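The next block is coords-v1.cif, given as mmCIF, C-alpha atoms.
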```cif
data_run
#
loop_
_atom_site.label_atom_id
_atom_site.label_comp_id
_atom_site.auth_asym_id
_atom_site.auth_seq_id
_atom_site.Cartn_x
_atom_site.Cartn_y
_atom_site.Cartn_z
CA MET A 1 12.59 -2.55 27.06
CA ARG A 2 12.87 -6.30 26.50
CA TYR A 3 13.38 -7.97 23.13
CA ALA A 4 11.52 -11.01 21.79
CA ALA A 5 11.92 -12.80 18.46
CA PRO A 6 9.17 -15.43 18.16
CA THR A 7 9.48 -18.06 15.43
CA SER A 8 5.78 -18.86 15.06
CA ILE A 9 2.50 -16.97 14.93
CA GLU A 10 1.33 -18.78 18.06
CA GLU A 11 4.44 -17.76 19.99
CA ALA A 12 4.04 -14.13 18.88
CA VAL A 13 0.41 -14.10 20.02
CA SER A 14 1.50 -15.49 23.39
CA VAL A 15 4.23 -12.87 23.82
CA LEU A 16 1.81 -10.05 23.00
CA ALA A 17 -0.78 -11.44 25.41
CA GLY A 18 1.78 -11.37 28.21
CA ASP A 19 2.45 -7.62 28.06
CA VAL A 20 -0.13 -4.98 27.17
CA HIS A 21 2.72 -2.59 26.35
CA ALA A 22 4.37 -4.92 23.83
CA GLN A 23 4.87 -3.67 20.27
CA VAL A 24 5.57 -5.64 17.12
CA TYR A 25 7.91 -4.53 14.36
CA ALA A 26 9.37 -6.04 11.21
CA GLY A 27 12.11 -3.96 9.57
CA ALA A 28 12.15 -1.30 12.34
CA THR A 29 12.58 1.43 9.72
CA ASP A 30 9.80 3.39 11.42
CA PHE A 31 10.07 1.89 14.90
CA ILE A 32 13.66 2.94 15.64
CA PRO A 33 13.35 6.54 14.33
CA GLN A 34 10.16 6.97 16.36
CA LEU A 35 11.93 5.85 19.54
CA ARG A 36 14.77 8.29 18.82
CA MET A 37 12.22 11.07 18.44
CA GLY A 38 10.90 10.44 21.94
CA ARG A 39 8.14 7.89 21.52
CA PRO A 40 7.75 5.88 24.79
CA GLU A 41 9.52 2.54 24.75
CA PRO A 42 7.27 -0.53 24.75
CA GLY A 43 7.60 -3.13 27.48
CA VAL A 44 8.60 -5.69 24.87
CA ALA A 45 9.83 -5.09 21.32
CA VAL A 46 8.60 -8.07 19.29
CA ASP A 47 10.63 -8.79 16.15
CA LEU A 48 8.45 -10.63 13.60
CA LYS A 49 11.08 -11.33 10.93
CA ARG A 50 11.88 -14.80 12.25
CA ILE A 51 8.41 -16.09 11.49
CA ASP A 52 8.64 -17.80 8.10
CA ARG A 53 5.07 -17.04 7.04
CA LEU A 54 5.62 -13.32 7.59
CA THR A 55 8.61 -13.20 5.25
CA ASP A 56 7.19 -15.46 2.54
CA LEU A 57 6.20 -14.38 -0.97
CA ARG A 58 4.34 -16.86 -3.12
CA ARG A 59 1.84 -17.28 -5.91
CA GLU A 60 -1.04 -19.34 -4.58
CA GLY A 61 -3.63 -20.27 -7.18
CA ASP A 62 -5.22 -17.06 -8.43
CA THR A 63 -3.60 -14.90 -5.76
CA TRP A 64 -0.29 -13.44 -4.69
CA VAL A 65 0.47 -13.78 -0.97
CA ILE A 66 3.07 -11.39 0.44
CA GLY A 67 4.22 -11.75 4.03
CA ALA A 68 3.77 -8.66 6.15
CA ALA A 69 7.50 -8.55 6.91
CA THR A 70 8.78 -9.45 3.43
CA PRO A 71 11.38 -6.83 2.47
CA SER A 72 10.04 -4.55 -0.23
CA ALA A 73 13.26 -5.00 -2.23
CA ARG A 74 12.33 -8.64 -2.77
CA LEU A 75 9.15 -7.76 -4.66
CA GLY A 76 11.12 -6.35 -7.56
CA GLU A 77 13.13 -9.56 -7.83
CA VAL A 78 10.06 -11.69 -8.64
CA ASN A 79 9.56 -11.22 -12.38
CA ASP A 80 6.04 -12.65 -12.50
CA LEU A 81 4.91 -10.33 -9.72
CA VAL A 82 6.45 -7.33 -11.50
CA ALA A 83 4.66 -8.32 -14.70
CA GLU A 84 1.26 -8.82 -13.06
CA LEU A 85 1.23 -6.04 -10.42
CA PRO A 86 3.73 -3.43 -11.63
CA GLY A 87 2.07 -0.54 -9.80
CA LEU A 88 2.24 -2.33 -6.48
CA VAL A 89 5.92 -3.15 -7.00
CA GLU A 90 6.64 0.45 -8.04
CA ALA A 91 4.98 1.77 -4.90
CA ALA A 92 6.99 -0.59 -2.71
CA ALA A 93 10.18 0.58 -4.45
CA LEU A 94 9.51 4.13 -3.25
CA ILE A 95 9.69 3.25 0.46
CA GLY A 96 12.96 4.92 1.43
CA SER A 97 16.40 4.17 0.02
CA ASP A 98 17.76 0.91 -1.37
CA GLN A 99 19.16 0.12 2.06
CA ILE A 100 15.83 0.81 3.76
CA GLN A 101 14.02 -1.40 1.24
CA SER A 102 16.09 -4.37 2.37
CA ARG A 103 14.26 -4.08 5.71
CA ALA A 104 11.03 -2.17 5.06
CA SER A 105 7.88 -4.04 4.05
CA LEU A 106 4.37 -3.53 2.75
CA GLY A 107 3.03 -4.63 6.12
CA GLY A 108 5.10 -2.10 8.00
CA ASN A 109 4.22 0.68 5.57
CA LEU A 110 0.54 -0.12 6.07
CA CYS A 111 0.53 -0.49 9.85
CA ASN A 112 2.66 2.62 10.45
CA ALA A 113 -0.52 4.33 9.24
CA SER A 114 1.00 7.39 7.64
CA PRO A 115 -1.46 9.25 5.39
CA ALA A 116 1.38 9.59 2.86
CA ALA A 117 2.39 5.91 2.76
CA ASP A 118 3.24 5.10 -0.85
CA SER A 119 2.20 1.47 -0.95
CA VAL A 120 -1.29 1.84 0.53
CA PRO A 121 -3.08 3.41 -2.48
CA ALA A 122 -1.54 0.70 -4.66
CA MET A 123 -2.74 -2.00 -2.27
CA VAL A 124 -6.23 -0.52 -2.09
CA VAL A 125 -6.79 -0.36 -5.87
CA ASN A 126 -5.63 -3.96 -6.11
CA ASN A 127 -8.30 -5.02 -3.58
CA GLY A 128 -5.68 -6.16 -1.08
CA ARG A 129 -6.76 -8.21 1.91
CA ALA A 130 -4.97 -8.15 5.26
CA VAL A 131 -4.65 -11.41 7.20
CA ILE A 132 -4.47 -10.61 10.90
CA ALA A 133 -3.56 -12.86 13.83
CA GLY A 134 -4.49 -12.35 17.48
CA PRO A 135 -5.85 -13.96 20.62
CA ALA A 136 -9.14 -14.75 18.88
CA GLY A 137 -7.43 -16.47 15.93
CA ILE A 138 -6.97 -15.44 12.30
CA ARG A 139 -9.21 -12.95 10.50
CA THR A 140 -9.11 -11.26 7.10
CA ILE A 141 -10.20 -7.70 6.33
CA PRO A 142 -9.77 -5.34 3.36
CA VAL A 143 -6.53 -3.37 3.38
CA ALA A 144 -8.69 -0.26 3.10
CA SER A 145 -10.13 -1.06 6.56
CA VAL A 146 -6.79 -1.32 8.37
CA VAL A 147 -5.85 2.36 8.75
CA THR A 148 -8.35 4.47 10.69
CA GLY A 149 -6.34 7.69 10.99
CA PRO A 150 -2.79 9.04 11.19
CA GLY A 151 -0.83 6.53 13.27
CA SER A 152 -3.99 4.56 14.08
CA THR A 153 -5.23 1.16 12.86
CA SER A 154 -8.23 -1.09 13.40
CA LEU A 155 -6.07 -3.87 14.83
CA ALA A 156 -7.10 -4.81 18.37
CA ASP A 157 -4.72 -5.27 21.29
CA GLY A 158 -2.56 -8.32 20.74
CA GLU A 159 -3.20 -8.48 17.00
CA PHE A 160 -0.63 -8.18 14.22
CA LEU A 161 -0.57 -8.37 10.44
CA VAL A 162 0.53 -11.72 9.03
CA GLU A 163 0.30 -11.34 5.26
CA LEU A 164 -1.33 -9.50 2.38
CA VAL A 165 -3.33 -11.19 -0.36
CA PHE A 166 -3.90 -9.83 -3.88
CA ASP A 167 -5.87 -11.31 -6.77
CA ARG A 168 -3.85 -12.03 -9.86
CA PRO A 169 -5.09 -9.75 -12.67
CA GLN A 170 -7.45 -10.90 -15.37
CA PRO A 171 -6.47 -10.39 -19.04
CA ARG A 172 -6.21 -6.73 -20.12
CA THR A 173 -5.94 -5.60 -16.50
CA ALA A 174 -3.11 -3.48 -15.08
CA ASP A 175 -2.26 -1.11 -12.26
CA ALA A 176 -0.03 1.92 -11.76
CA TYR A 177 1.16 4.18 -8.95
CA LEU A 178 2.51 7.71 -9.25
CA ARG A 179 3.42 10.31 -6.66
CA PHE A 180 4.56 13.90 -6.53
CA ILE A 181 7.47 14.92 -4.29
CA PRO A 182 9.44 18.20 -4.12
CA ARG A 183 12.76 16.39 -4.55
CA THR A 184 13.79 13.79 -7.12
CA GLU A 185 13.89 10.93 -4.58
CA MET A 186 13.92 10.05 -0.88
CA ASP A 187 10.96 12.23 0.04
CA ILE A 188 7.44 11.88 1.37
CA ALA A 189 4.56 12.09 -1.09
CA VAL A 190 2.76 15.39 -1.35
CA VAL A 191 0.15 13.39 -3.26
CA GLY A 192 0.14 9.75 -4.34
CA ALA A 193 -2.28 8.12 -6.80
CA GLY A 194 -2.92 4.47 -7.51
CA ALA A 195 -5.06 3.19 -10.37
CA ARG A 196 -6.16 -0.17 -11.70
CA LEU A 197 -8.40 -0.87 -14.67
CA THR A 198 -9.57 -3.58 -16.99
CA LEU A 199 -10.21 -2.97 -20.69
CA ASP A 200 -12.39 -4.99 -23.03
CA GLU A 201 -11.24 -5.99 -26.51
CA ALA A 202 -12.60 -2.75 -27.95
CA GLY A 203 -10.54 -0.68 -25.52
CA LEU A 204 -13.50 0.33 -23.33
CA CYS A 205 -13.18 0.31 -19.55
CA ARG A 206 -14.75 -2.65 -17.78
CA GLU A 207 -13.48 -2.01 -14.25
CA VAL A 208 -11.83 1.09 -12.78
CA SER A 209 -10.38 1.86 -9.36
CA VAL A 210 -8.54 4.98 -8.18
CA ALA A 211 -7.12 5.69 -4.71
CA LEU A 212 -5.28 8.75 -3.41
CA GLY A 213 -2.75 9.14 -0.60
CA ALA A 214 -1.48 12.16 1.37
CA VAL A 215 -4.68 14.11 0.69
CA ALA A 216 -6.73 13.04 3.74
CA PRO A 217 -6.21 11.35 7.13
CA THR A 218 -6.49 7.98 5.35
CA VAL A 219 -6.32 6.84 1.73
CA VAL A 220 -9.44 7.93 -0.18
CA THR A 221 -10.96 6.27 -3.22
CA VAL A 222 -12.65 7.96 -6.17
CA PRO A 223 -15.82 5.92 -6.82
CA ALA A 224 -16.98 8.41 -9.47
CA ALA A 225 -14.07 7.35 -11.68
CA ALA A 226 -15.80 4.04 -12.34
CA ASP A 227 -19.15 5.76 -12.88
CA ILE A 228 -17.58 8.00 -15.51
CA LEU A 229 -15.36 5.51 -17.30
CA VAL A 230 -16.93 2.04 -17.20
CA GLY A 231 -18.33 1.25 -20.64
CA HIS A 232 -16.40 4.12 -22.21
CA PRO A 233 -12.90 4.86 -23.54
CA LEU A 234 -10.44 7.12 -21.72
CA THR A 235 -11.25 10.28 -23.62
CA ASP A 236 -9.83 13.65 -22.64
CA GLU A 237 -13.30 14.84 -21.66
CA ALA A 238 -13.95 11.81 -19.46
CA LEU A 239 -10.55 12.10 -17.79
CA LYS A 240 -11.15 15.80 -17.13
CA ARG A 241 -14.27 14.81 -15.20
CA VAL A 242 -12.30 12.17 -13.29
CA ALA A 243 -9.70 14.78 -12.34
CA ALA A 244 -12.42 17.04 -10.94
CA GLU A 245 -13.89 14.16 -8.92
CA ALA A 246 -10.45 13.20 -7.60
CA SER A 247 -9.87 16.75 -6.42
CA ALA A 248 -13.30 16.84 -4.82
CA VAL A 249 -12.79 13.79 -2.58
CA CYS A 250 -9.61 15.21 -1.05
CA ASN A 251 -9.53 16.50 2.51
CA PRO A 252 -5.93 17.70 2.74
CA ILE A 253 -3.98 19.91 5.12
CA ASP A 254 -1.82 22.97 4.58
CA ASP A 255 1.81 22.40 5.46
CA LYS A 256 5.28 23.44 4.28
CA ARG A 257 5.14 20.92 1.43
CA GLY A 258 1.87 22.04 -0.10
CA THR A 259 -1.35 23.95 0.40
CA LYS A 260 -4.80 22.39 0.37
CA ALA A 261 -5.57 23.87 -3.03
CA TYR A 262 -2.27 22.65 -4.44
CA ARG A 263 -2.82 19.09 -3.20
CA ARG A 264 -6.32 18.99 -4.67
CA GLN A 265 -5.00 20.14 -8.04
CA VAL A 266 -2.14 17.62 -8.03
CA ALA A 267 -4.51 14.83 -6.99
CA GLY A 268 -6.58 15.37 -10.13
CA VAL A 269 -3.50 15.45 -12.34
CA LEU A 270 -1.99 12.28 -10.86
CA ALA A 271 -5.29 10.40 -10.96
CA VAL A 272 -5.46 10.98 -14.72
CA ARG A 273 -1.80 10.14 -15.30
CA SER A 274 -2.00 6.91 -13.31
CA LEU A 275 -5.13 5.86 -15.21
CA LYS A 276 -3.43 6.51 -18.53
CA LEU A 277 -0.38 4.49 -17.48
CA ALA A 278 -2.54 1.60 -16.24
CA ALA A 279 -4.56 1.68 -19.48
CA ASP A 280 -1.40 1.59 -21.58
CA ARG A 281 -0.16 -1.42 -19.63
CA ALA A 282 -3.55 -3.14 -19.80
CA GLY A 283 -3.65 -2.69 -23.56
CA ARG A 284 -0.30 -4.48 -23.84
CA THR A 285 -1.16 -7.46 -21.66
CA GLY A 286 -3.19 -9.17 -24.40
CA SER A 287 -5.82 -11.78 -23.76
#
```

As structure tokens, the full file:
Amino acid sequence: MRYAAPTSIEEAVSVLAGDVHAQVYAGATDFIPQLRMGRPEPGVAVDLKRIDRLTDLRREGDTWVIGAATPSARLGEVNDLVAELPGLVEAAALIGSDQIQSRASLGGNLCNASPAADSVPAMVVNNGRAVIAGPAGIRTIPVASVVTGPGSTSLADGEFLVELVFDRPQPRTADAYLRFIPRTEMDIAVVGAGARLTLDEAGLCREVSVALGAVAPTVVTVPAAADILVGHPLTDEALKRVAAEASAVCNPIDDKRGTKAYRRQVAGVLAVRSLKLAADRAGRTGS
């Protein structure tokens, strides 16, 4: 296995084009453990952390742009980002230990394509866009379109993720992410739930988005949540209906960490709790 550390997007594209068995990585927090577990070595291991654009984090007009290899620990150090997208930052802060977070990134968490990835539901509810580079140039797709199944993405041969783009929230808009794990920390989500909503001045919902992780091969959204809540307050009765819809969209597995029935039940509970937390935050953002 050879090692390459390109310093530009163009150089990385060229390296990948020269070896069909090349593989990119950023923090290597998934890459190295997978090799140790017996995954075949790539012809070339391509380290992306020396490309400035991939480790950048900036506010650009009405958007936040986060490099695909930006360490997740850095997100929590940017106060304006924490204030505007707290759920996204919270999700990133759950990727492994403090040490891991100095290397791990949103881009790596997304492209590793684990159904239980913590940051992906938070990215989906925030309408994240993925900027992808490859032999055909640069293209942008929704984050929700990147993962196609466990360990599988829609990226073509020779393509890699450059950065992630998120709209800055409008007034009275907020997000939240919650997960359930058997232990107190350092565990994989049994269920994860992201929510984002916008309230009007009367406290009624204007926009609502809910996404669930670890309950299907890919992150699933709950479109019925918007149907139920938009134009209405978050009443107990309405949230009960949202919980039922969240449970209904799940397609989980049975494993040692939870049964299908258990995951469906927890999905409904976390969907409601994340909506309540997002609503509380939205109500405090003012106009």

With all atoms listed in the file as the counted atoms, please give the residues lying no more than 10 Å from Arg74 of chain A, apart from itself and same-chain residues fewer than 6 positions off, as a count of residues only. 9

Expanded to explicit residues, what is the PyMOL selection byres ((chain A and resi 109-125) around 7) for this file, as an mmCIF file with C-alpha atoms, in the coordinates of the input?
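The resulting file, expr_4.cif, is shown below:
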```cif
data_model
loop_
_atom_site.group_PDB
_atom_site.id
_atom_site.type_symbol
_atom_site.label_atom_id
_atom_site.label_comp_id
_atom_site.auth_asym_id
_atom_site.auth_seq_id
_atom_site.Cartn_x
_atom_site.Cartn_y
_atom_site.Cartn_z
ATOM 1 C CA GLY A 87 2.070 -0.540 -9.800
ATOM 2 C CA LEU A 88 2.240 -2.330 -6.480
ATOM 3 C CA ALA A 91 4.980 1.770 -4.900
ATOM 4 C CA ALA A 92 6.990 -0.590 -2.710
ATOM 5 C CA LEU A 94 9.510 4.130 -3.250
ATOM 6 C CA ILE A 95 9.690 3.250 0.460
ATOM 7 C CA SER A 105 7.880 -4.040 4.050
ATOM 8 C CA LEU A 106 4.370 -3.530 2.750
ATOM 9 C CA GLY A 107 3.030 -4.630 6.120
ATOM 10 C CA GLY A 108 5.100 -2.100 8.000
ATOM 11 C CA ASN A 126 -5.630 -3.960 -6.110
ATOM 12 C CA ASN A 127 -8.300 -5.020 -3.580
ATOM 13 C CA GLY A 128 -5.680 -6.160 -1.080
ATOM 14 C CA VAL A 143 -6.530 -3.370 3.380
ATOM 15 C CA ALA A 144 -8.690 -0.260 3.100
ATOM 16 C CA VAL A 147 -5.850 2.360 8.750
ATOM 17 C CA GLY A 149 -6.340 7.690 10.990
ATOM 18 C CA PRO A 150 -2.790 9.040 11.190
ATOM 19 C CA GLY A 151 -0.830 6.530 13.270
ATOM 20 C CA SER A 152 -3.990 4.560 14.080
ATOM 21 C CA THR A 153 -5.230 1.160 12.860
ATOM 22 C CA TYR A 177 1.160 4.180 -8.950
ATOM 23 C CA ILE A 188 7.440 11.880 1.370
ATOM 24 C CA ALA A 189 4.560 12.090 -1.090
ATOM 25 C CA GLY A 192 0.140 9.750 -4.340
ATOM 26 C CA ALA A 193 -2.280 8.120 -6.800
ATOM 27 C CA GLY A 194 -2.920 4.470 -7.510
ATOM 28 C CA ALA A 195 -5.060 3.190 -10.370
ATOM 29 C CA ARG A 196 -6.160 -0.170 -11.700
ATOM 30 C CA SER A 209 -10.380 1.860 -9.360
ATOM 31 C CA VAL A 210 -8.540 4.980 -8.180
ATOM 32 C CA ALA A 211 -7.120 5.690 -4.710
ATOM 33 C CA LEU A 212 -5.280 8.750 -3.410
ATOM 34 C CA GLY A 213 -2.750 9.140 -0.600
ATOM 35 C CA ALA A 214 -1.480 12.160 1.370
ATOM 36 C CA ALA A 216 -6.730 13.040 3.740
ATOM 37 C CA PRO A 217 -6.210 11.350 7.130
ATOM 38 C CA THR A 218 -6.490 7.980 5.350
ATOM 39 C CA VAL A 219 -6.320 6.840 1.730
#
```

Given all atoms listed in the file as the counted atoms, nearest of A:Ala45, A:Gly76, A:Thr221, A:Ala267 to Phe31 of chain A: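 Among the listed residues, A:Ala45 lies closest to Phe31 of chain A.
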
Tell me which residues the PyMOL selection byres ((chain A and resi 136) around 10) grabs here, as a PyMOL selection string. chain A and resi 13+133-135+137-139+158-159

Written as a PDB file with C-alpha atoms, in the coordinates of the input, what is the full residue list that the PyMOL selection byres ((chain A and resi 164) around 10) yields on the file shown?
```
ATOM      1  CA  LEU A  54       5.620 -13.320   7.590  1.00  0.00           C
ATOM      2  CA  LEU A  57       6.200 -14.380  -0.970  1.00  0.00           C
ATOM      3  CA  TRP A  64      -0.290 -13.440  -4.690  1.00  0.00           C
ATOM      4  CA  VAL A  65       0.470 -13.780  -0.970  1.00  0.00           C
ATOM      5  CA  ILE A  66       3.070 -11.390   0.440  1.00  0.00           C
ATOM      6  CA  GLY A  67       4.220 -11.750   4.030  1.00  0.00           C
ATOM      7  CA  ALA A  68       3.770  -8.660   6.150  1.00  0.00           C
ATOM      8  CA  ALA A  69       7.500  -8.550   6.910  1.00  0.00           C
ATOM      9  CA  LEU A 106       4.370  -3.530   2.750  1.00  0.00           C
ATOM     10  CA  GLY A 107       3.030  -4.630   6.120  1.00  0.00           C
ATOM     11  CA  MET A 123      -2.740  -2.000  -2.270  1.00  0.00           C
ATOM     12  CA  GLY A 128      -5.680  -6.160  -1.080  1.00  0.00           C
ATOM     13  CA  ARG A 129      -6.760  -8.210   1.910  1.00  0.00           C
ATOM     14  CA  ALA A 130      -4.970  -8.150   5.260  1.00  0.00           C
ATOM     15  CA  VAL A 131      -4.650 -11.410   7.200  1.00  0.00           C
ATOM     16  CA  ILE A 132      -4.470 -10.610  10.900  1.00  0.00           C
ATOM     17  CA  THR A 140      -9.110 -11.260   7.100  1.00  0.00           C
ATOM     18  CA  ILE A 141     -10.200  -7.700   6.330  1.00  0.00           C
ATOM     19  CA  PRO A 142      -9.770  -5.340   3.360  1.00  0.00           C
ATOM     20  CA  VAL A 143      -6.530  -3.370   3.380  1.00  0.00           C
ATOM     21  CA  LEU A 161      -0.570  -8.370  10.440  1.00  0.00           C
ATOM     22  CA  VAL A 162       0.530 -11.720   9.030  1.00  0.00           C
ATOM     23  CA  GLU A 163       0.300 -11.340   5.260  1.00  0.00           C
ATOM     24  CA  VAL A 165      -3.330 -11.190  -0.360  1.00  0.00           C
ATOM     25  CA  PHE A 166      -3.900  -9.830  -3.880  1.00  0.00           C
TER      26      PHE A 166
END
```

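For the pair atom CA of Ala271 of chain A and atom CA of Leu229 of chain A, the interatomic distance is 12.9 Å.
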
Using atom CA of Asp254 of chain A and atom CA of Val222 of chain A as the two end points, give the distance in Å to one decimal.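 Computed distance, atom CA of Asp254 of chain A to atom CA of Val222 of chain A, equals 21.4 Å.
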
Write out, as JSON lines, each residue of segment 174-224 of chain A that has an atom at most 9 Å from segment 82-86 of chain A, together with the closest pair of atoms and their distance in Å to one decimal, counting all atoms listed in the file, rows going by chain and rising number.
```
{"residue": "A:Ala174", "atom": "CA", "partner": "A:Leu85", "partner_atom": "CA", "distance": 6.9}
{"residue": "A:Asp175", "atom": "CA", "partner": "A:Leu85", "partner_atom": "CA", "distance": 6.3}
{"residue": "A:Ala176", "atom": "CA", "partner": "A:Pro86", "partner_atom": "CA", "distance": 6.5}
{"residue": "A:Tyr177", "atom": "CA", "partner": "A:Pro86", "partner_atom": "CA", "distance": 8.5}
```

Which one is closest to Arg263 of chain A: A:Thr198, A:Phe180, A:Arg284, A:Arg206? Count all atoms listed in the file.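 Going through A:Thr198, A:Phe180, A:Arg284, A:Arg206 one by one, the smallest distance to Arg263 of chain A is for A:Phe180.
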
Between A:Ala261, A:Leu270, A:Leu199, A:Ala278, single out the one closest to Gln170 of chain A, counting all atoms listed in the file. A:Leu199

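Between atom CA of Ile9 of chain A and atom CA of Ile51 of chain A the separation is 6.9 Å.
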
Excluding segment 14-17 of chain A and residues on its chain fewer than 2 positions from it, collect all residues at most 9 Å away from it, counting all atoms listed in the file, and give them as a VMD selection string. chain A and resid 4 6 9 to 12 19 to 24 44 46 134 to 135 157 to 159

Give me the box for segment 65-77 of chain A as JSON, namely the centre and edge lengths in Å to one decimal of a box along x, y and z that holds every listed atom plus 5 Å on each side.
```
{"center_x": 6.9, "center_y": -9.2, "center_z": -0.5, "size_x": 22.8, "size_y": 19.2, "size_z": 24.7}
```

Which one of A:Asp236, A:Gly231, A:Glu207, A:Leu178 sits closest to Val266 of chain A if you count all atoms listed in the file?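 Among the listed residues, the smallest separation from Val266 of chain A belongs to A:Leu178.
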
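Among A:Lys240, A:Arg168, A:Arg281, A:Arg257, the residue with the shortest atom-to-atom distance to Val269 of chain A, counting only C-alpha atoms, is A:Lys240.
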